[in-house]
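**Q** The structure file data33.tsv (TSV, C-alpha atoms) is provided below.
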```
chain	number	residue	atom	x	y	z
A	231	MET	CA	130.53	-24.23	69.80
A	232	SER	CA	133.39	-22.75	67.80
A	233	PRO	CA	136.18	-20.93	69.66
A	234	LYS	CA	135.73	-18.19	67.05
A	235	ILE	CA	132.35	-17.26	68.60
A	236	VAL	CA	132.87	-14.92	71.54
A	237	GLU	CA	131.05	-12.49	73.79
A	238	LEU	CA	131.78	-8.77	73.28
A	239	LYS	CA	134.03	-8.60	76.35
A	240	GLU	CA	136.15	-11.51	75.12
A	241	LEU	CA	136.18	-9.98	71.63
A	242	SER	CA	137.62	-6.77	73.06
A	243	CYS	CA	140.38	-8.68	74.92
A	244	ARG	CA	141.31	-10.75	71.87
A	245	CYS	CA	141.39	-7.72	69.60
A	246	GLN	CA	143.63	-5.81	72.05
A	247	LYS	CA	146.10	-8.73	72.02
A	248	LEU	CA	145.97	-8.96	68.24
A	249	ARG	CA	146.60	-5.21	67.85
A	250	ARG	CA	149.57	-5.44	70.24
A	251	ALA	CA	150.90	-8.27	68.07
A	252	GLY	CA	150.78	-5.91	65.08
A	253	LYS	CA	147.71	-7.39	63.40
A	254	LYS	CA	145.48	-5.20	61.24
A	255	ILE	CA	141.92	-5.87	62.42
A	256	VAL	CA	138.99	-5.59	60.05
A	257	ALA	CA	135.40	-5.43	61.26
A	258	THR	CA	132.07	-5.81	59.54
A	259	ASN	CA	128.58	-6.62	60.71
A	260	GLY	CA	125.17	-7.70	59.53
A	261	CYS	CA	122.29	-10.12	59.86
A	262	PHE	CA	123.68	-12.88	57.61
A	263	ASP	CA	120.36	-14.72	57.55
A	264	LEU	CA	120.53	-17.64	55.06
A	265	LEU	CA	124.17	-17.25	54.10
A	266	HIS	CA	124.58	-17.08	50.31
A	267	VAL	CA	127.42	-16.58	47.84
A	268	GLY	CA	126.99	-12.79	47.95
A	269	HIS	CA	127.72	-12.89	51.68
A	270	VAL	CA	130.72	-15.18	51.20
A	271	ARG	CA	132.25	-12.95	48.52
A	272	TYR	CA	131.66	-9.90	50.69
A	273	LEU	CA	133.29	-11.50	53.73
A	274	GLN	CA	136.26	-12.70	51.67
A	275	ALA	CA	136.73	-9.18	50.27
A	276	ALA	CA	136.53	-7.72	53.79
A	277	ARG	CA	139.11	-10.20	55.10
A	278	ALA	CA	141.47	-9.31	52.25
A	279	THR	CA	141.77	-5.76	53.65
A	280	GLY	CA	143.58	-6.89	56.82
A	281	ASP	CA	144.96	-9.70	58.95
A	282	VAL	CA	141.94	-10.57	61.10
A	283	LEU	CA	138.22	-10.35	60.33
A	284	ALA	CA	135.81	-9.83	63.21
A	285	VAL	CA	132.13	-10.15	62.29
A	286	GLY	CA	129.39	-8.59	64.37
A	287	LEU	CA	126.16	-10.52	64.05
A	288	ASN	CA	122.79	-8.92	64.71
A	289	GLY	CA	120.93	-10.94	67.31
A	290	ASP	CA	117.48	-12.36	66.63
A	291	GLN	CA	115.54	-9.45	68.14
A	292	SER	CA	117.44	-6.83	66.18
A	293	VAL	CA	117.00	-8.80	62.94
A	294	ARG	CA	113.24	-8.84	63.58
A	295	LYS	CA	113.26	-5.07	64.10
A	296	LEU	CA	115.38	-4.47	60.99
A	297	LYS	CA	113.89	-7.06	58.60
A	298	GLY	CA	110.35	-7.53	59.89
A	299	PRO	CA	108.23	-10.41	61.18
A	300	GLY	CA	109.24	-13.87	60.07
A	301	ARG	CA	112.92	-13.01	60.20
A	302	PRO	CA	115.44	-14.23	60.98
A	303	ILE	CA	114.96	-17.54	59.23
A	304	THR	CA	117.76	-19.12	61.29
A	305	THR	CA	118.65	-18.44	64.91
A	306	GLU	CA	121.53	-16.22	65.97
A	307	THR	CA	123.49	-19.20	67.30
A	308	ASP	CA	123.06	-21.10	64.02
A	309	ARG	CA	124.04	-18.02	61.99
A	310	ALA	CA	127.10	-17.48	64.20
A	311	GLU	CA	128.19	-21.10	63.76
A	312	VAL	CA	127.88	-20.92	59.97
A	313	LEU	CA	129.90	-17.68	59.87
A	314	ALA	CA	132.56	-19.16	62.16
A	315	ALA	CA	132.92	-22.12	59.79
A	316	LEU	CA	134.21	-19.82	57.04
A	317	ASP	CA	138.00	-19.66	56.70
A	318	CYS	CA	137.88	-15.91	56.04
A	319	VAL	CA	136.14	-15.21	59.39
A	320	ASP	CA	138.36	-15.12	62.48
A	321	LEU	CA	135.94	-13.95	65.19
A	322	VAL	CA	132.15	-13.69	65.52
A	323	ALA	CA	130.24	-11.80	68.21
A	324	ILE	CA	126.47	-11.53	68.50
A	325	PHE	CA	125.13	-8.13	69.53
A	326	PRO	CA	121.49	-7.51	70.51
A	327	GLU	CA	121.20	-3.86	69.45
A	328	ASN	CA	119.99	-2.63	66.05
A	329	ARG	CA	123.24	-0.73	65.58
A	330	ALA	CA	126.78	-2.08	65.85
A	331	THR	CA	128.22	0.67	68.06
A	332	ARG	CA	129.15	-1.57	71.02
A	333	PHE	CA	130.60	-4.16	68.64
A	334	ILE	CA	132.72	-1.51	66.90
A	335	ALA	CA	133.92	-0.18	70.26
A	336	ALA	CA	134.92	-3.71	71.32
A	337	VAL	CA	136.86	-4.42	68.12
A	338	HIS	CA	138.41	-0.97	67.64
A	339	PRO	CA	139.14	-1.89	64.00
A	340	ALA	CA	141.77	-0.43	61.70
A	341	VAL	CA	139.35	-1.06	58.81
A	342	TYR	CA	135.55	-1.18	58.84
A	343	VAL	CA	133.88	-2.75	55.79
A	344	LYS	CA	130.30	-2.46	54.57
A	345	GLY	CA	128.67	-3.68	51.38
A	346	GLY	CA	128.20	-1.47	48.36
A	347	ASP	CA	124.51	-1.13	49.12
A	348	TYR	CA	125.74	1.45	51.69
A	349	THR	CA	127.40	4.81	51.14
A	350	SER	CA	129.40	6.90	53.60
A	351	GLU	CA	126.25	9.00	54.02
A	352	THR	CA	123.91	6.08	54.71
A	353	LEU	CA	126.07	4.55	57.45
A	354	ASP	CA	124.51	5.06	60.86
A	355	GLU	CA	125.59	8.47	62.17
A	356	GLU	CA	126.60	7.16	65.61
A	357	GLU	CA	128.59	4.29	64.11
A	358	ARG	CA	130.31	6.64	61.65
A	359	ALA	CA	131.20	9.08	64.45
A	360	LEU	CA	132.74	6.26	66.51
A	361	LEU	CA	134.69	4.95	63.51
A	362	ASN	CA	136.05	8.45	62.85
A	363	GLU	CA	137.00	8.81	66.53
A	364	ILE	CA	138.84	5.47	66.42
A	365	GLY	CA	140.51	6.46	63.15
A	366	ALA	CA	139.19	3.44	61.26
A	367	ASP	CA	139.41	3.38	57.49
A	368	ILE	CA	135.84	2.90	56.19
A	369	ARG	CA	135.71	0.82	53.01
A	370	LEU	CA	132.77	-0.12	50.86
A	371	VAL	CA	132.94	-3.46	49.03
A	372	PRO	CA	131.06	-3.60	45.71
A	373	PHE	CA	127.56	-5.00	46.01
A	374	GLU	CA	127.07	-8.48	44.54
A	375	THR	CA	124.09	-7.93	42.24
A	376	GLY	CA	121.53	-10.69	42.17
A	377	TYR	CA	122.11	-11.96	45.71
A	378	SER	CA	119.69	-11.13	48.48
A	379	THR	CA	118.30	-13.12	51.38
A	380	SER	CA	114.92	-11.40	50.99
A	381	ALA	CA	114.79	-12.30	47.28
A	382	LEU	CA	115.86	-15.86	48.09
A	383	VAL	CA	113.08	-16.20	50.68
A	384	ALA	CA	110.52	-14.81	48.23
A	385	ARG	CA	111.72	-17.24	45.56
A	386	ILE	CA	111.51	-20.21	47.93
A	387	CYS	CA	108.04	-19.20	49.12
A	388	GLY	CA	106.86	-18.68	45.54
A	389	LYS	CA	108.04	-22.16	44.55
A	390	ALA	CA	106.40	-23.69	47.62
A	391	ILE	CA	103.10	-22.00	46.79
A	392	ALA	CA	103.34	-23.10	43.14
A	393	LYS	CA	104.12	-26.69	44.20
A	394	ASN	CA	101.13	-26.71	46.57
A	395	LYS	CA	98.91	-25.55	43.70
A	396	GLY	CA	100.29	-28.22	41.36
A	397	LEU	CA	102.30	-25.67	39.36
A	398	ARG	CA	105.98	-25.82	38.49
```
How would this structure read if it were set down as structure tokens?
**A**
Amino acid sequence: MSPKIVELKELSCRCQKLRRAGKKIVATNGCFDLLHVGHVRYLQAARATGDVLAVGLNGDQSVRKLKGPGRPITTETDRAEVLAALDCVDLVAIFPENRATRFIAAVHPAVYVKGGDYTSETLDEEERALLNEIGADIRLVPFETGYSTSALVARICGKAIAKNKGLR
């Protein structure tokens, strides 16, 4: 397993050391099921806002609660490994809750990034309150239109059904 993948306690220790070394820590989080170019562009944009990018990854149970039955497509450990393989990602931590509050508390980021499909008002109230308490700068990265795991799954399933029926 990659040394970039850590438990929340280790994440907190590493981030404290990085802050003491003067590094600007950026945090983001999500499900990242079936990583696609929209995710990669988003993570690269997040990383560009600081020195270190810590990614909180929703665990399998929370993805199921958030996205519904049949999700995630890939396991949390597989998703963490794929994220850790990206040059723009410095640390990955899996969290089991639906919300990233414990992850945010562990990272204590200078910058918190979410995709443009969010607004300041649609961020979880508890997460937003913690970010304000920490003094984190909340930034929204423009949404990459045309990229969606759900749409990708639907497209794959549609092609599989068409193939099984002899259609193209």
**Q** Please indicate the distance in Å from CA of Gly388 (chain A) to CA of His269 (chain A), rounded to one decimal place.
**A**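 So the two atoms, CA of Gly388 (chain A) and CA of His269 (chain A), lie 22.5 Å apart.
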**Q** Do you know which residues are at most 9 Å from Thr279 (chain A) counting all atoms listed in the file, after dropping those on the same chain fewer than 5 positions away, and could you put them as a list in words?
**A**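 The contact residues come out as Lys254, Ile255, Val256, Val341, Val343 and Arg369 of chain A.
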**Q** Please identify all polymer residues within 10 Å of region 270-277 of chain A, counting only C-alpha atoms, omitting same-chain residues fewer than 4 positions from it, and present them as JSON, numbers by chain.
**A** {"A": [255, 256, 257, 258, 259, 262, 265, 266, 281, 282, 283, 284, 285, 313, 316, 317, 318, 319, 320, 341, 342, 343, 344, 345, 346, 369, 370, 371, 372, 373, 374]}
**Q** Looking at only C-alpha atoms, which of A:Val337, A:Leu361, A:Leu264, A:Ala366 is the one that sits closest to Arg301 (chain A)?
**A** A:Leu264
**Q** Provide the CA of Leu287 (chain A) to CA of Ala323 (chain A) distance in Å, to one decimal place.
**A**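 We find that CA of Leu287 (chain A) and CA of Ala323 (chain A) lie 6.0 Å from each other.
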**Q** My list of candidates is A:Arg294, A:Leu360, A:Phe325, A:Arg249. Which is closest to Val236 (chain A) when distances are computed with all atoms listed in the file?
**A**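 Looking only at the distances to Val236 (chain A), the closest residue turns out to be A:Phe325.
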